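coords-v7.txt, holding compact mmCIF, C-alpha atoms and all ligand atoms:
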```txt
# COMPACT_ATOMS: atom_id res chain seq x y z
CA MET E 111 3.38 15.52 -15.96
CA LEU E 112 -0.23 16.00 -14.92
CA TYR E 113 -1.15 17.43 -11.52
CA ARG E 114 -4.19 17.11 -9.26
CA LYS E 115 -5.24 19.33 -6.41
CA MET E 116 -5.12 18.10 -2.81
CA PRO E 117 -8.65 19.08 -1.73
CA GLY E 118 -7.89 20.32 1.80
CA ASN E 119 -4.94 22.61 1.08
CA GLY E 120 -4.80 23.25 -2.68
CA ASP E 121 -1.37 21.63 -3.18
CA GLU E 122 -0.93 20.73 -6.84
CA LEU E 123 0.55 17.23 -6.67
CA SER E 124 1.98 15.22 -9.54
CA ILE E 125 -0.31 12.28 -10.25
CA LEU E 126 2.79 10.04 -10.11
CA GLY E 127 4.48 9.84 -6.72
CA PHE E 128 7.89 8.26 -6.17
CA GLY E 129 7.58 5.41 -3.64
CA CYS E 130 10.85 4.67 -1.83
CA MET E 131 10.10 1.13 -0.65
CA ARG E 132 11.59 -0.75 -3.61
CA LEU E 133 14.63 1.32 -4.53
CA PRO E 134 17.36 -0.25 -6.66
CA GLN E 135 19.78 -2.33 -4.60
CA LYS E 136 23.38 -3.44 -4.82
CA GLU E 137 24.75 -6.18 -2.55
CA GLY E 138 21.63 -6.08 -0.37
CA ARG E 139 21.73 -2.30 0.29
CA ILE E 140 20.23 0.67 -1.51
CA ASP E 141 22.21 1.46 -4.65
CA THR E 142 22.57 5.10 -3.61
CA GLU E 143 24.02 6.36 -6.86
CA LYS E 144 21.40 4.76 -9.10
CA ALA E 145 18.48 5.50 -6.77
CA THR E 146 19.52 9.15 -6.35
CA ARG E 147 19.78 9.53 -10.11
CA GLN E 148 16.31 8.04 -10.58
CA VAL E 149 14.65 10.13 -7.85
CA ARG E 150 16.24 13.36 -9.13
CA HIS E 151 15.39 12.54 -12.75
CA ALA E 152 11.75 11.94 -11.80
CA ILE E 153 11.69 15.30 -9.98
CA ASP E 154 13.32 17.02 -12.96
CA CYS E 155 10.48 15.55 -15.06
CA GLY E 156 7.77 16.93 -12.76
CA VAL E 157 7.26 14.44 -9.90
CA ASN E 158 6.70 16.44 -6.72
CA TYR E 159 5.46 13.83 -4.21
CA VAL E 160 7.96 11.45 -2.61
CA ASP E 161 6.89 8.77 -0.15
CA THR E 162 8.96 6.84 2.35
CA ALA E 163 8.48 5.21 5.78
CA TRP E 164 10.45 4.28 8.89
CA PRO E 165 10.96 0.57 8.07
CA TYR E 166 11.57 0.73 4.32
CA HIS E 167 14.89 -0.84 3.31
CA GLY E 168 15.56 -1.89 6.91
CA GLY E 169 15.34 1.72 8.10
CA GLU E 170 17.69 3.09 5.41
CA SER E 171 15.13 4.63 3.04
CA GLU E 172 14.60 7.84 5.03
CA SER E 173 18.35 8.47 5.47
CA PHE E 174 18.93 7.76 1.78
CA LEU E 175 16.24 10.25 0.83
CA ALA E 176 17.86 13.03 2.86
CA GLY E 177 20.87 12.74 0.52
CA ALA E 178 18.83 12.28 -2.64
CA LEU E 179 16.88 15.44 -1.84
CA ALA E 180 19.96 17.58 -1.10
CA ASP E 181 21.16 20.22 -3.58
CA GLY E 182 17.78 21.95 -3.70
CA TYR E 183 15.61 18.91 -4.48
CA ARG E 184 13.91 18.92 -1.05
CA GLU E 185 12.32 22.29 -1.79
CA ARG E 186 10.84 20.97 -5.03
CA VAL E 187 8.81 18.14 -3.50
CA LYS E 188 6.21 17.33 -0.89
CA LEU E 189 7.74 14.75 1.40
CA ALA E 190 5.67 11.96 2.99
CA THR E 191 6.70 9.55 5.71
CA LYS E 192 4.91 7.44 8.31
CA LEU E 193 4.71 6.71 12.02
CA PRO E 194 5.40 2.95 12.51
CA SER E 195 2.25 2.22 14.52
CA TRP E 196 3.35 -1.34 15.42
CA SER E 197 6.46 -0.05 17.22
CA VAL E 198 4.64 2.62 19.23
CA GLN E 199 4.14 1.51 22.83
CA ASN E 200 3.07 4.80 24.41
CA ARG E 201 2.36 8.46 23.64
CA PRO E 202 6.00 9.68 24.08
CA ASP E 203 7.13 7.10 21.47
CA MET E 204 5.16 9.02 18.85
CA ASP E 205 7.23 12.18 19.38
CA ARG E 206 10.44 10.17 19.55
CA PHE E 207 9.77 8.59 16.16
CA LEU E 208 8.70 11.85 14.51
CA ASN E 209 11.69 13.78 15.88
CA ALA E 210 14.06 11.03 14.75
CA GLN E 211 12.47 11.07 11.28
CA LEU E 212 12.93 14.84 10.98
CA GLN E 213 16.60 14.31 11.77
CA LYS E 214 17.00 11.36 9.41
CA LEU E 215 15.33 13.28 6.60
CA HIS E 216 17.30 16.51 7.29
CA THR E 217 14.13 18.56 7.30
CA SER E 218 12.24 20.72 9.76
CA GLN E 219 8.79 19.64 8.58
CA ILE E 220 7.19 16.54 7.07
CA ASP E 221 4.68 17.75 4.49
CA TYR E 222 2.49 14.64 4.58
CA TYR E 223 2.70 12.48 7.72
CA LEU E 224 0.79 9.20 7.94
CA ILE E 225 -0.03 6.73 10.67
CA HIS E 226 1.33 3.61 9.00
CA GLY E 227 -0.66 0.46 8.20
CA LEU E 228 -3.94 0.95 10.06
CA ASN E 229 -6.74 -1.55 10.30
CA GLY E 230 -9.59 -1.60 12.82
CA GLY E 231 -7.50 -3.08 15.62
CA THR E 232 -4.39 -0.94 15.18
CA TRP E 233 -6.52 2.18 14.95
CA ASP E 234 -8.25 1.37 18.26
CA ARG E 235 -4.87 0.81 19.87
CA MET E 236 -3.34 4.02 18.48
CA GLN E 237 -6.40 6.01 19.47
CA ALA E 238 -6.17 4.69 23.03
CA LEU E 239 -2.49 5.73 23.13
CA GLY E 240 -3.42 9.33 22.19
CA VAL E 241 -2.54 9.53 18.50
CA MET E 242 -5.11 12.25 17.76
CA GLU E 243 -3.62 14.58 20.38
CA PHE E 244 -0.17 13.72 19.00
CA LEU E 245 -1.19 14.74 15.47
CA ASP E 246 -2.73 18.00 16.72
CA HIS E 247 0.45 18.77 18.65
CA ALA E 248 2.73 17.83 15.73
CA LYS E 249 0.79 20.19 13.48
CA ALA E 250 0.72 22.99 16.08
CA THR E 251 4.51 22.78 16.49
CA GLY E 252 5.03 22.83 12.72
CA ARG E 253 6.74 19.41 12.60
CA ILE E 254 4.10 18.10 10.19
CA ALA E 255 1.91 20.01 7.76
CA ASN E 256 -0.78 17.45 6.89
CA ALA E 257 -2.00 14.37 8.77
CA GLY E 258 -3.14 11.14 7.14
CA PHE E 259 -3.11 7.40 7.50
CA SER E 260 -2.38 4.38 5.35
CA PHE E 261 -4.85 1.53 5.46
CA HIS E 262 -4.98 -2.25 4.97
CA GLY E 263 -8.20 -3.42 6.54
CA LEU E 264 -11.92 -3.78 6.01
CA LEU E 265 -14.23 -1.11 4.58
CA PRO E 266 -16.33 -0.52 7.75
CA ASP E 267 -13.14 0.20 9.71
CA PHE E 268 -11.92 2.50 6.95
CA LYS E 269 -15.12 4.55 7.19
CA ARG E 270 -14.81 4.66 10.98
CA ILE E 271 -11.24 5.98 10.78
CA VAL E 272 -12.13 8.56 8.10
CA ASP E 273 -14.84 9.92 10.43
CA ALA E 274 -12.71 9.90 13.58
CA TYR E 275 -10.27 12.76 12.87
CA PRO E 276 -9.97 15.80 10.55
CA TRP E 277 -7.50 14.09 8.23
CA GLN E 278 -6.16 15.92 5.18
CA PHE E 279 -5.51 12.68 3.27
CA CYS E 280 -5.38 8.92 3.35
CA GLN E 281 -3.46 6.22 1.50
CA ILE E 282 -5.22 3.09 0.22
CA GLN E 283 -4.39 0.02 -1.83
CA TYR E 284 -6.32 0.43 -5.07
CA ASN E 285 -6.10 -1.16 -8.51
CA PHE E 286 -8.45 -2.93 -10.91
CA LEU E 287 -8.38 -6.10 -8.80
CA ASP E 288 -9.16 -4.29 -5.54
CA GLU E 289 -12.36 -2.50 -6.45
CA GLN E 290 -14.19 -4.37 -3.70
CA HIS E 291 -11.29 -5.19 -1.48
CA GLN E 292 -9.98 -3.31 1.59
CA ALA E 293 -11.19 0.32 1.21
CA GLY E 294 -12.01 -0.33 -2.48
CA THR E 295 -13.98 1.99 -4.77
CA GLU E 296 -16.51 2.78 -2.04
CA GLY E 297 -13.71 3.78 0.32
CA LEU E 298 -12.11 5.95 -2.37
CA GLN E 299 -15.40 7.75 -2.91
CA VAL E 300 -16.20 8.07 0.80
CA ALA E 301 -12.79 9.64 1.49
CA ALA E 302 -13.05 12.03 -1.47
CA ALA E 303 -16.60 13.06 -0.51
CA LYS E 304 -15.27 13.92 2.94
CA GLY E 305 -12.64 16.22 1.37
CA LEU E 306 -9.63 13.93 1.81
CA GLY E 307 -6.95 13.64 -0.81
CA VAL E 308 -6.37 9.99 -1.70
CA ILE E 309 -2.89 8.62 -2.28
CA VAL E 310 -3.11 5.27 -4.07
CA MET E 311 -0.57 2.61 -3.19
CA GLN E 312 -0.07 -0.65 -5.03
CA PRO E 313 -1.66 0.56 -8.30
CA LEU E 314 0.13 -2.46 -9.84
CA ARG E 315 -0.58 -4.74 -6.84
CA GLY E 316 3.02 -4.77 -5.75
CA GLY E 317 4.20 -4.80 -9.37
CA THR E 318 2.36 -7.99 -10.31
CA LEU E 319 -0.27 -6.34 -12.55
CA GLY E 320 2.51 -4.58 -14.41
CA ARG E 321 4.59 -7.66 -15.21
CA PRO E 322 5.49 -7.58 -18.89
CA ALA E 323 4.52 -11.30 -19.08
CA PRO E 324 1.05 -11.64 -17.51
CA PRO E 325 -0.82 -15.00 -17.34
CA PRO E 326 -1.63 -16.05 -20.96
CA ALA E 327 -5.40 -15.55 -20.56
CA ILE E 328 -4.80 -11.95 -19.48
CA LYS E 329 -2.34 -11.35 -22.29
CA ALA E 330 -4.99 -12.48 -24.76
CA ILE E 331 -7.43 -9.90 -23.40
CA TRP E 332 -4.95 -7.01 -23.61
CA SER E 333 -4.09 -8.01 -27.18
CA GLU E 334 -7.68 -7.28 -28.25
CA SER E 335 -7.25 -3.56 -27.70
CA GLU E 336 -6.89 -1.34 -30.77
CA THR E 337 -4.46 0.81 -28.79
CA PRO E 338 -1.50 -1.32 -27.75
CA ARG E 339 -0.61 -0.74 -24.11
CA THR E 340 1.66 -2.50 -21.67
CA PRO E 341 0.08 -4.21 -18.61
CA ALA E 342 1.55 -1.42 -16.43
CA GLU E 343 -0.07 1.25 -18.57
CA TRP E 344 -3.49 -0.42 -18.37
CA ALA E 345 -3.27 -0.68 -14.60
CA LEU E 346 -2.01 2.87 -14.02
CA ARG E 347 -4.44 4.47 -16.47
CA TRP E 348 -7.30 2.62 -14.78
CA VAL E 349 -6.36 4.15 -11.41
CA TRP E 350 -5.90 7.65 -12.84
CA ASN E 351 -9.19 7.37 -14.68
CA HIS E 352 -10.74 7.97 -11.23
CA PRO E 353 -10.73 11.72 -10.47
CA GLU E 354 -10.78 10.94 -6.73
CA ALA E 355 -7.28 9.43 -6.91
CA THR E 356 -4.96 12.36 -6.20
CA VAL E 357 -1.59 10.59 -6.54
CA ALA E 358 -0.59 7.03 -7.43
CA LEU E 359 2.65 5.84 -5.89
CA SER E 360 5.02 3.68 -7.86
CA GLY E 361 8.00 1.98 -6.26
CA MET E 362 10.36 2.39 -9.19
CA ASN E 363 13.84 0.88 -9.48
CA GLU E 364 14.53 0.38 -13.20
CA ASP E 365 15.32 3.32 -15.50
CA ALA E 366 12.91 2.00 -18.14
CA GLN E 367 10.15 1.75 -15.53
CA VAL E 368 10.71 5.38 -14.48
CA GLU E 369 10.53 6.52 -18.11
CA GLU E 370 7.40 4.49 -18.84
CA ASN E 371 5.59 5.75 -15.74
CA LEU E 372 6.57 9.37 -16.45
CA ALA E 373 5.25 9.06 -20.01
CA ILE E 374 1.91 7.59 -18.86
CA ALA E 375 1.57 10.25 -16.13
CA GLY E 376 1.68 12.91 -18.83
CA GLN E 377 -1.47 11.58 -20.52
CA ALA E 378 -3.70 9.91 -17.94
CA TYR E 379 -6.54 12.40 -17.50
CA PRO E 380 -9.58 11.50 -15.38
CA HIS E 381 -12.32 9.75 -17.41
CA SER E 382 -9.96 9.35 -20.36
CA LEU E 383 -10.55 5.61 -20.86
CA THR E 384 -13.36 4.82 -23.30
CA GLU E 385 -16.29 2.57 -22.41
CA ALA E 386 -14.75 -0.18 -24.55
CA GLU E 387 -11.40 0.17 -22.76
CA LEU E 388 -13.06 0.09 -19.34
CA ALA E 389 -14.92 -3.05 -20.42
CA LEU E 390 -11.60 -4.62 -21.43
CA VAL E 391 -10.04 -3.85 -18.04
CA GLY E 392 -13.19 -5.23 -16.40
CA ARG E 393 -12.75 -8.47 -18.35
CA ALA E 394 -9.09 -8.68 -17.35
CA GLY E 395 -10.12 -8.22 -13.71
CA ARG E 396 -12.76 -10.94 -14.00
CA LYS E 397 -10.28 -13.29 -15.66
CA TYR E 398 -7.77 -12.68 -12.87
CA ARG E 399 -10.48 -13.52 -10.36
CA GLU E 400 -11.42 -16.68 -12.29
CA ILE E 401 -7.91 -18.00 -12.00
CA MET E 402 -7.92 -17.29 -8.28
CA LYS E 403 -8.20 -20.36 -6.05
CA VAL E 404 -10.73 -19.04 -3.52
CA GLY E 405 -13.79 -16.94 -4.38
CA CYS E 406 -13.36 -14.73 -1.32
CA THR E 407 -14.39 -11.11 -1.86
CA GLY E 408 -12.72 -9.86 1.33
CA CYS E 409 -16.06 -8.64 2.72
CA GLY E 410 -15.04 -9.58 6.28
CA TYR E 411 -18.49 -10.82 7.39
CA CYS E 412 -16.86 -13.99 8.72
CA GLU E 413 -14.61 -12.12 11.15
CA PRO E 414 -13.67 -11.89 13.96
CA CYS E 415 -12.74 -15.53 14.33
CA PRO E 416 -12.63 -16.67 17.98
CA MET E 417 -9.20 -18.16 17.35
CA GLY E 418 -7.90 -14.98 15.74
CA VAL E 419 -7.52 -16.35 12.19
CA GLY E 420 -7.25 -13.51 9.67
CA ILE E 421 -9.59 -15.31 7.29
CA ALA E 422 -9.86 -12.73 4.50
CA ALA E 423 -6.13 -11.98 4.60
CA ASN E 424 -5.30 -15.70 4.41
CA PHE E 425 -7.38 -16.11 1.26
CA ASP E 426 -6.10 -12.90 -0.27
CA ILE E 427 -2.50 -14.08 -0.01
CA TYR E 428 -3.36 -17.63 -1.11
CA ASN E 429 -4.99 -16.24 -4.25
CA HIS E 430 -1.97 -14.08 -4.87
CA LEU E 431 0.20 -17.21 -4.76
CA HIS E 432 -1.93 -19.00 -7.36
CA MET E 433 -2.33 -16.06 -9.69
CA PHE E 434 1.26 -14.94 -9.77
CA GLY E 435 3.42 -17.77 -8.44
CA SER E 436 6.53 -16.59 -6.52
CA PRO E 437 6.12 -18.85 -3.43
CA GLY E 438 9.06 -17.31 -1.53
CA GLU E 439 7.83 -13.74 -2.04
CA THR E 440 4.26 -14.74 -1.21
CA GLN E 441 5.27 -16.47 2.01
CA PHE E 442 7.11 -13.30 3.02
CA LEU E 443 3.91 -11.32 2.40
CA TYR E 444 1.99 -13.92 4.42
CA VAL E 445 4.29 -13.46 7.40
CA VAL E 446 4.18 -9.65 7.15
CA ARG E 447 0.40 -9.66 7.30
CA LEU E 448 -0.36 -12.57 9.59
CA SER E 449 2.52 -13.14 12.00
CA GLY E 450 1.26 -10.41 14.32
CA VAL E 451 4.45 -8.34 14.04
CA ILE E 452 2.44 -5.37 12.77
CA SER E 453 -1.08 -6.02 14.03
CA GLY E 454 -0.03 -7.42 17.42
CA SER E 455 -2.14 -10.56 16.94
CA ARG E 456 -1.27 -13.66 14.97
CA GLY E 457 -3.78 -14.79 12.34
CA TYR E 458 -2.31 -17.89 10.70
CA ALA E 459 -4.55 -20.45 8.98
CA LEU E 460 -3.29 -23.23 11.24
CA GLN E 461 -4.99 -21.59 14.24
CA CYS E 462 -8.40 -22.64 12.90
CA GLU E 463 -10.14 -25.09 15.25
CA ARG E 464 -13.07 -25.79 12.91
CA CYS E 465 -15.77 -24.31 15.15
CA GLY E 466 -17.78 -23.44 12.03
CA ASP E 467 -18.84 -19.93 13.20
CA CYS E 468 -17.46 -18.33 10.06
CA VAL E 469 -19.03 -20.75 7.58
CA VAL E 470 -22.61 -19.70 8.35
CA LYS E 471 -21.70 -16.03 7.97
CA CYS E 472 -19.96 -16.27 4.57
CA PRO E 473 -22.18 -14.91 1.77
CA GLN E 474 -20.04 -16.79 -0.77
CA GLY E 475 -20.80 -20.13 0.90
CA LEU E 476 -17.12 -20.96 1.25
CA GLU E 477 -16.00 -24.02 3.21
CA ILE E 478 -13.61 -21.84 5.15
CA PRO E 479 -11.98 -24.44 7.47
CA ASP E 480 -11.19 -26.79 4.53
CA LEU E 481 -9.76 -23.93 2.52
CA LEU E 482 -7.68 -22.74 5.47
CA GLU E 483 -6.19 -26.20 5.71
CA LYS E 484 -4.95 -25.83 2.14
CA VAL E 485 -3.57 -22.38 2.89
CA ALA E 486 -1.67 -23.75 5.89
CA ALA E 487 -0.28 -26.62 3.84
CA GLU E 488 1.08 -24.31 1.15
CA LEU E 489 2.14 -21.26 3.14
CA GLU E 490 2.98 -22.38 6.66
CA GLY E 491 5.52 -25.04 5.88
CA GLU E 492 9.25 -24.82 5.32
CA GLY E 493 10.85 -21.40 5.70
CA LEU E 494 8.07 -19.84 7.79
CA ARG E 495 10.07 -19.43 11.01
CA GLU E 496 13.08 -17.96 9.17
CA LYS E 497 10.86 -15.44 7.41
CA GLU E 498 9.18 -14.58 10.74
CA ALA E 499 12.58 -13.80 12.27
CA MET E 500 13.49 -11.70 9.24
CA VAL E 501 10.21 -9.74 9.33
CA ARG E 502 10.42 -9.24 13.09
CA GLY E 503 13.92 -7.80 12.76
CA PHE E 504 12.81 -5.57 9.90
CA PHE E 505 9.72 -4.12 11.55
CA THR E 506 10.66 -3.90 15.22
CA ARG E 507 13.72 -1.73 14.82
CA VAL E 508 13.40 0.97 17.52
CA ILE E 509 15.18 4.22 18.22
CA GLU E 510 18.47 3.53 20.00
S1 LIG H 601 -13.99 -22.40 11.68
FE1 LIG H 601 -11.88 -21.81 12.04
S2 LIG H 601 -11.64 -19.89 10.96
FE2 LIG H 601 -13.85 -20.24 11.16
S3 LIG H 601 -14.41 -19.09 13.00
FE3 LIG H 601 -13.98 -21.22 13.61
S4 LIG H 601 -11.82 -21.26 14.20
FE4 LIG H 601 -12.20 -19.37 13.05
S1 LIG H 602 -17.26 -13.92 4.58
FE1 LIG H 602 -16.53 -15.27 2.96
S2 LIG H 602 -16.17 -13.90 1.22
FE2 LIG H 602 -16.34 -12.61 3.05
S3 LIG H 602 -14.20 -12.40 3.77
FE3 LIG H 602 -15.05 -14.15 4.84
S4 LIG H 602 -14.46 -15.89 3.57
FE4 LIG H 602 -14.23 -14.08 2.30
```
Represent the structure of the file as structure tokens.
Ligand code: SF4
Ligand code: SF4
Amino acid sequence: MLYRKMPGNGDELSILGFGCMRLPQKEGRIDTEKATRQVRHAIDCGVNYVDTAWPYHGGESESFLAGALADGYRERVKLATKLPSWSVQNRPDMDRFLNAQLQKLHTSQIDYYLIHGLNGGTWDRMQALGVMEFLDHAKATGRIANAGFSFHGLLPDFKRIVDAYPWQFCQIQYNFLDEQHQAGTEGLQVAAAKGLGVIVMQPLRGGTLGRPAPPPAIKAIWSESETPRTPAEWALRWVWNHPEATVALSGMNEDAQVEENLAIAGQAYPHSLTEAELALVGRAGRKYREIMKVGCTGCGYCEPCPMGVGIAANFDIYNHLHMFGSPGETQFLYVVRLSGVISGSRGYALQCERCGDCVVKCPQGLEIPDLLEKVAAELEGEGLREKEAMVRGFFTRVIE
């Protein structure tokens, strides 16, 4: 296992972190025996950063982890969990959630505590509710050691949040398809230059870049390499090639996946990919973008829309659908991001009233209203309401 230093406090963290959002399941619940074995095996092999959050596995992930980290394993890892920003209604809620999490996790301190799922709007709301004072107080009382945030928004908002508080770390979505998307490479570098450790989530874009059977055009590109590597290895090594990436989280649930990731994490030094290999990954990224339906770069210049449409998010998810298939899974993702359960405001494609404001602002010259119509036709049809109810139940669970 390789380790990288957290800039603000000198912690030596394993470059592979265990993400507890996609644990193995049996009959719809966490398969405790298998998941515990996997988490402990990863720790025995050097993983020392474990990440969970209030809503993962319908609220069961944190409680599961308390058991998995018993028998001395808790002391061997840095534990990360997150404040569910969408469920916080007032300042006292923040303490209620944190105190409940300490109890659920059977620990007196969270090593790395994040405000979960920020974008520009949720940050403004959390700031107004007093989240900065809450973090100061949580640190002063020893309930958390390091404060950070996870982010799914636009780059200008990311920079604003980085500058707003003395964070120790942040968590961003980053992989070879997201170089210019959300925080992107610029965000990674901005955070690192400011002395923040960067935890990378979705290094495999929710597992899709690591699928053993990628689209044929991508497979053909990987097969040109002199060094045979799996799609997962290419994607992970690309992330770890960046020295600014402190830890990459992987939501592991298969034994073979754990072994593969552990093996890669023992070799992936910064700047270890050759120019030719980087060019190959660049070509794979371009090919993925070619087979995307909409040439949206996620720049966000077209927003805000007066009707509240999350334009960039709509196109992001629509592209995901056409690159990777899985309509059911993609519609679930669509509802998570655009139903308003997390952000507080609904951003569905169908809300577009064709005012045309966005079209003149789009540097890519996209016919946004026409494209949104297609998104609505494919993602807002059958099953949407059921998935909304499911997502609402999942994310709005509150402390009894
Ligand atoms: S055309 Fe539609 S998406 Fe664009 S700004 Fe107007 S309402 Fe919003
Ligand atoms: S301005 Fe165009 S490219 Fe940028 S996010 Fe909006 S639709 Fe996408």
A straight line from atom CA of Gly182 of chain E to atom CA of Gln148 of chain E spans 15.6 Å
Env. residues ligand LIG 601 (chain H) / 12 Å / only C-alpha atoms and all ligand atoms / as a ChimeraX atom specification
/E:410-425,457-472,476-483,485-486
Looking at E:Gly320, E:Pro325, E:Gly493, E:Gly252, which one is nearest to Pro341 of chain E, with distances taken over all atoms listed in the file?
E:Gly320
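With only C-alpha atoms and all ligand atoms as the atoms that count, the minimum distance from ligand LIG 602 (chain H) to the choices E:Ser333, E:Leu264, E:Ala152, E:Leu489 is reached by E:Leu264.
Atom pair atom CA of Gln281 of chain E / atom CA of Gln135 of chain E: separated by 25.5 Å.
Of the residues listed (E:Val404, E:Met204, E:Ile309, E:Ala386), E:Val404 shows the shortest atom-to-atom separation from Lys484 of chain E; distances use only C-alpha atoms.
Coordinates place atom CA of Thr232 of chain E at a distance of 6.2 Å from atom CA of Ser453 of chain E.
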Set the distance at 12 Å and use only C-alpha atoms: which residues neighbour segment 292-304 of chain E once local chain neighbours fewer than 2 positions away are removed? I'd like the list as a PyMOL selection string.
chain E and resi 115-118+228-230+258-290+306-311+313+349+352-356+407-410+422-423+426
Grab the residues selected above and save them as a compact mmCIF listing (two decimals), in the frame of the given file with C-alpha atoms.
```txt
# COMPACT_ATOMS: atom_id res chain seq x y z
CA LYS E 115 -5.24 19.33 -6.41
CA MET E 116 -5.12 18.10 -2.81
CA PRO E 117 -8.65 19.08 -1.73
CA GLY E 118 -7.89 20.32 1.80
CA LEU E 228 -3.94 0.95 10.06
CA ASN E 229 -6.74 -1.55 10.30
CA GLY E 230 -9.59 -1.60 12.82
CA GLY E 258 -3.14 11.14 7.14
CA PHE E 259 -3.11 7.40 7.50
CA SER E 260 -2.38 4.38 5.35
CA PHE E 261 -4.85 1.53 5.46
CA HIS E 262 -4.98 -2.25 4.97
CA GLY E 263 -8.20 -3.42 6.54
CA LEU E 264 -11.92 -3.78 6.01
CA LEU E 265 -14.23 -1.11 4.58
CA PRO E 266 -16.33 -0.52 7.75
CA ASP E 267 -13.14 0.20 9.71
CA PHE E 268 -11.92 2.50 6.95
CA LYS E 269 -15.12 4.55 7.19
CA ARG E 270 -14.81 4.66 10.98
CA ILE E 271 -11.24 5.98 10.78
CA VAL E 272 -12.13 8.56 8.10
CA ASP E 273 -14.84 9.92 10.43
CA ALA E 274 -12.71 9.90 13.58
CA TYR E 275 -10.27 12.76 12.87
CA PRO E 276 -9.97 15.80 10.55
CA TRP E 277 -7.50 14.09 8.23
CA GLN E 278 -6.16 15.92 5.18
CA PHE E 279 -5.51 12.68 3.27
CA CYS E 280 -5.38 8.92 3.35
CA GLN E 281 -3.46 6.22 1.50
CA ILE E 282 -5.22 3.09 0.22
CA GLN E 283 -4.39 0.02 -1.83
CA TYR E 284 -6.32 0.43 -5.07
CA ASN E 285 -6.10 -1.16 -8.51
CA PHE E 286 -8.45 -2.93 -10.91
CA LEU E 287 -8.38 -6.10 -8.80
CA ASP E 288 -9.16 -4.29 -5.54
CA GLU E 289 -12.36 -2.50 -6.45
CA GLN E 290 -14.19 -4.37 -3.70
CA LEU E 306 -9.63 13.93 1.81
CA GLY E 307 -6.95 13.64 -0.81
CA VAL E 308 -6.37 9.99 -1.70
CA ILE E 309 -2.89 8.62 -2.28
CA VAL E 310 -3.11 5.27 -4.07
CA MET E 311 -0.57 2.61 -3.19
CA PRO E 313 -1.66 0.56 -8.30
CA VAL E 349 -6.36 4.15 -11.41
CA HIS E 352 -10.74 7.97 -11.23
CA PRO E 353 -10.73 11.72 -10.47
CA GLU E 354 -10.78 10.94 -6.73
CA ALA E 355 -7.28 9.43 -6.91
CA THR E 356 -4.96 12.36 -6.20
CA THR E 407 -14.39 -11.11 -1.86
CA GLY E 408 -12.72 -9.86 1.33
CA CYS E 409 -16.06 -8.64 2.72
CA GLY E 410 -15.04 -9.58 6.28
CA ALA E 422 -9.86 -12.73 4.50
CA ALA E 423 -6.13 -11.98 4.60
CA ASP E 426 -6.10 -12.90 -0.27
```
For ligand LIG 602 (chain H), take all atoms listed in the file, fit an axis-aligned box around them, add 6 Å to each of the six sides, then output centre and edge lengths in Å rounded to one decimal, as AutoDock Vina command-line options.
```
--center_x -15.7 --center_y -14.1 --center_z 3.0 --size_x 15.1 --size_y 15.5 --size_z 15.6
```
Measuring atom to atom with only C-alpha atoms, identify which of E:Met433, E:Leu193, E:Ala178, E:Leu133 is nearest to Leu245 of chain E.
E:Leu193
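Residue nearest ligand LIG 602 (chain H) within the list E:Val501, E:Leu448, E:Asn429, E:Glu496: E:Asn429 [criterion: smallest interatomic distance, only C-alpha atoms and all ligand atoms].
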Need the shell around Pro165 of chain E: protein/DNA/RNA residues with any atom at most 12 Å away, counting only C-alpha atoms. Skip same-chain ones fewer than 3 positions apart. Format as a PyMOL selection string?
chain E and resi 130-132+162+168-173+191-197+207+211+226-227+452+501-509
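Excluding Thr440 of chain E itself and same-chain residues fewer than 4 positions from it, the residues having an atom within 8 Å of it are E:Ile427, E:His430, E:Leu431, E:Gly435, E:Ser436, E:Tyr444, counting all atoms listed in the file.
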Could you dump the residues just selected with C-alpha atoms as a short mmCIF file (atom, residue, chain, number, x, y, z; two decimals), in the frame of the given file?
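Output saved as result.cif:
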```cif
data_model
loop_
_atom_site.label_atom_id
_atom_site.label_comp_id
_atom_site.auth_asym_id
_atom_site.auth_seq_id
_atom_site.Cartn_x
_atom_site.Cartn_y
_atom_site.Cartn_z
CA ILE E 427 -2.50 -14.08 -0.01
CA HIS E 430 -1.97 -14.08 -4.87
CA LEU E 431 0.20 -17.21 -4.76
CA GLY E 435 3.42 -17.77 -8.44
CA SER E 436 6.53 -16.59 -6.52
CA TYR E 444 1.99 -13.92 4.42
#
```
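Nearest to Ala366 of chain E of all the residues E:Leu383, E:Trp164, E:Ala342, E:Pro326 is E:Ala342, counting only C-alpha atoms.
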Near-Leu346 of chain E list (10 Å; all atoms listed in the file; drop same-chain fewer than 6 positions) as a ChimeraX atom specification
/E:126,285-286,312-314,319-320,358-360,371,374-375,378
Expected file: the selected residues, C-alpha atoms, as a compact mmCIF listing (two decimals), keeping the file's coordinate frame:
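Once everything was written out, this is result-v2.txt:
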```txt
# COMPACT_ATOMS: atom_id res chain seq x y z
CA LEU E 126 2.79 10.04 -10.11
CA ASN E 285 -6.10 -1.16 -8.51
CA PHE E 286 -8.45 -2.93 -10.91
CA GLN E 312 -0.07 -0.65 -5.03
CA PRO E 313 -1.66 0.56 -8.30
CA LEU E 314 0.13 -2.46 -9.84
CA LEU E 319 -0.27 -6.34 -12.55
CA GLY E 320 2.51 -4.58 -14.41
CA ALA E 358 -0.59 7.03 -7.43
CA LEU E 359 2.65 5.84 -5.89
CA SER E 360 5.02 3.68 -7.86
CA ASN E 371 5.59 5.75 -15.74
CA ILE E 374 1.91 7.59 -18.86
CA ALA E 375 1.57 10.25 -16.13
CA ALA E 378 -3.70 9.91 -17.94
```
Contacts of Asn200 of chain E within 12 Å, all atoms listed in the file, excl. fewer than 5 positions in-chain, as a PyMOL selection string:
chain E and resi 195+205-207+235-241+244
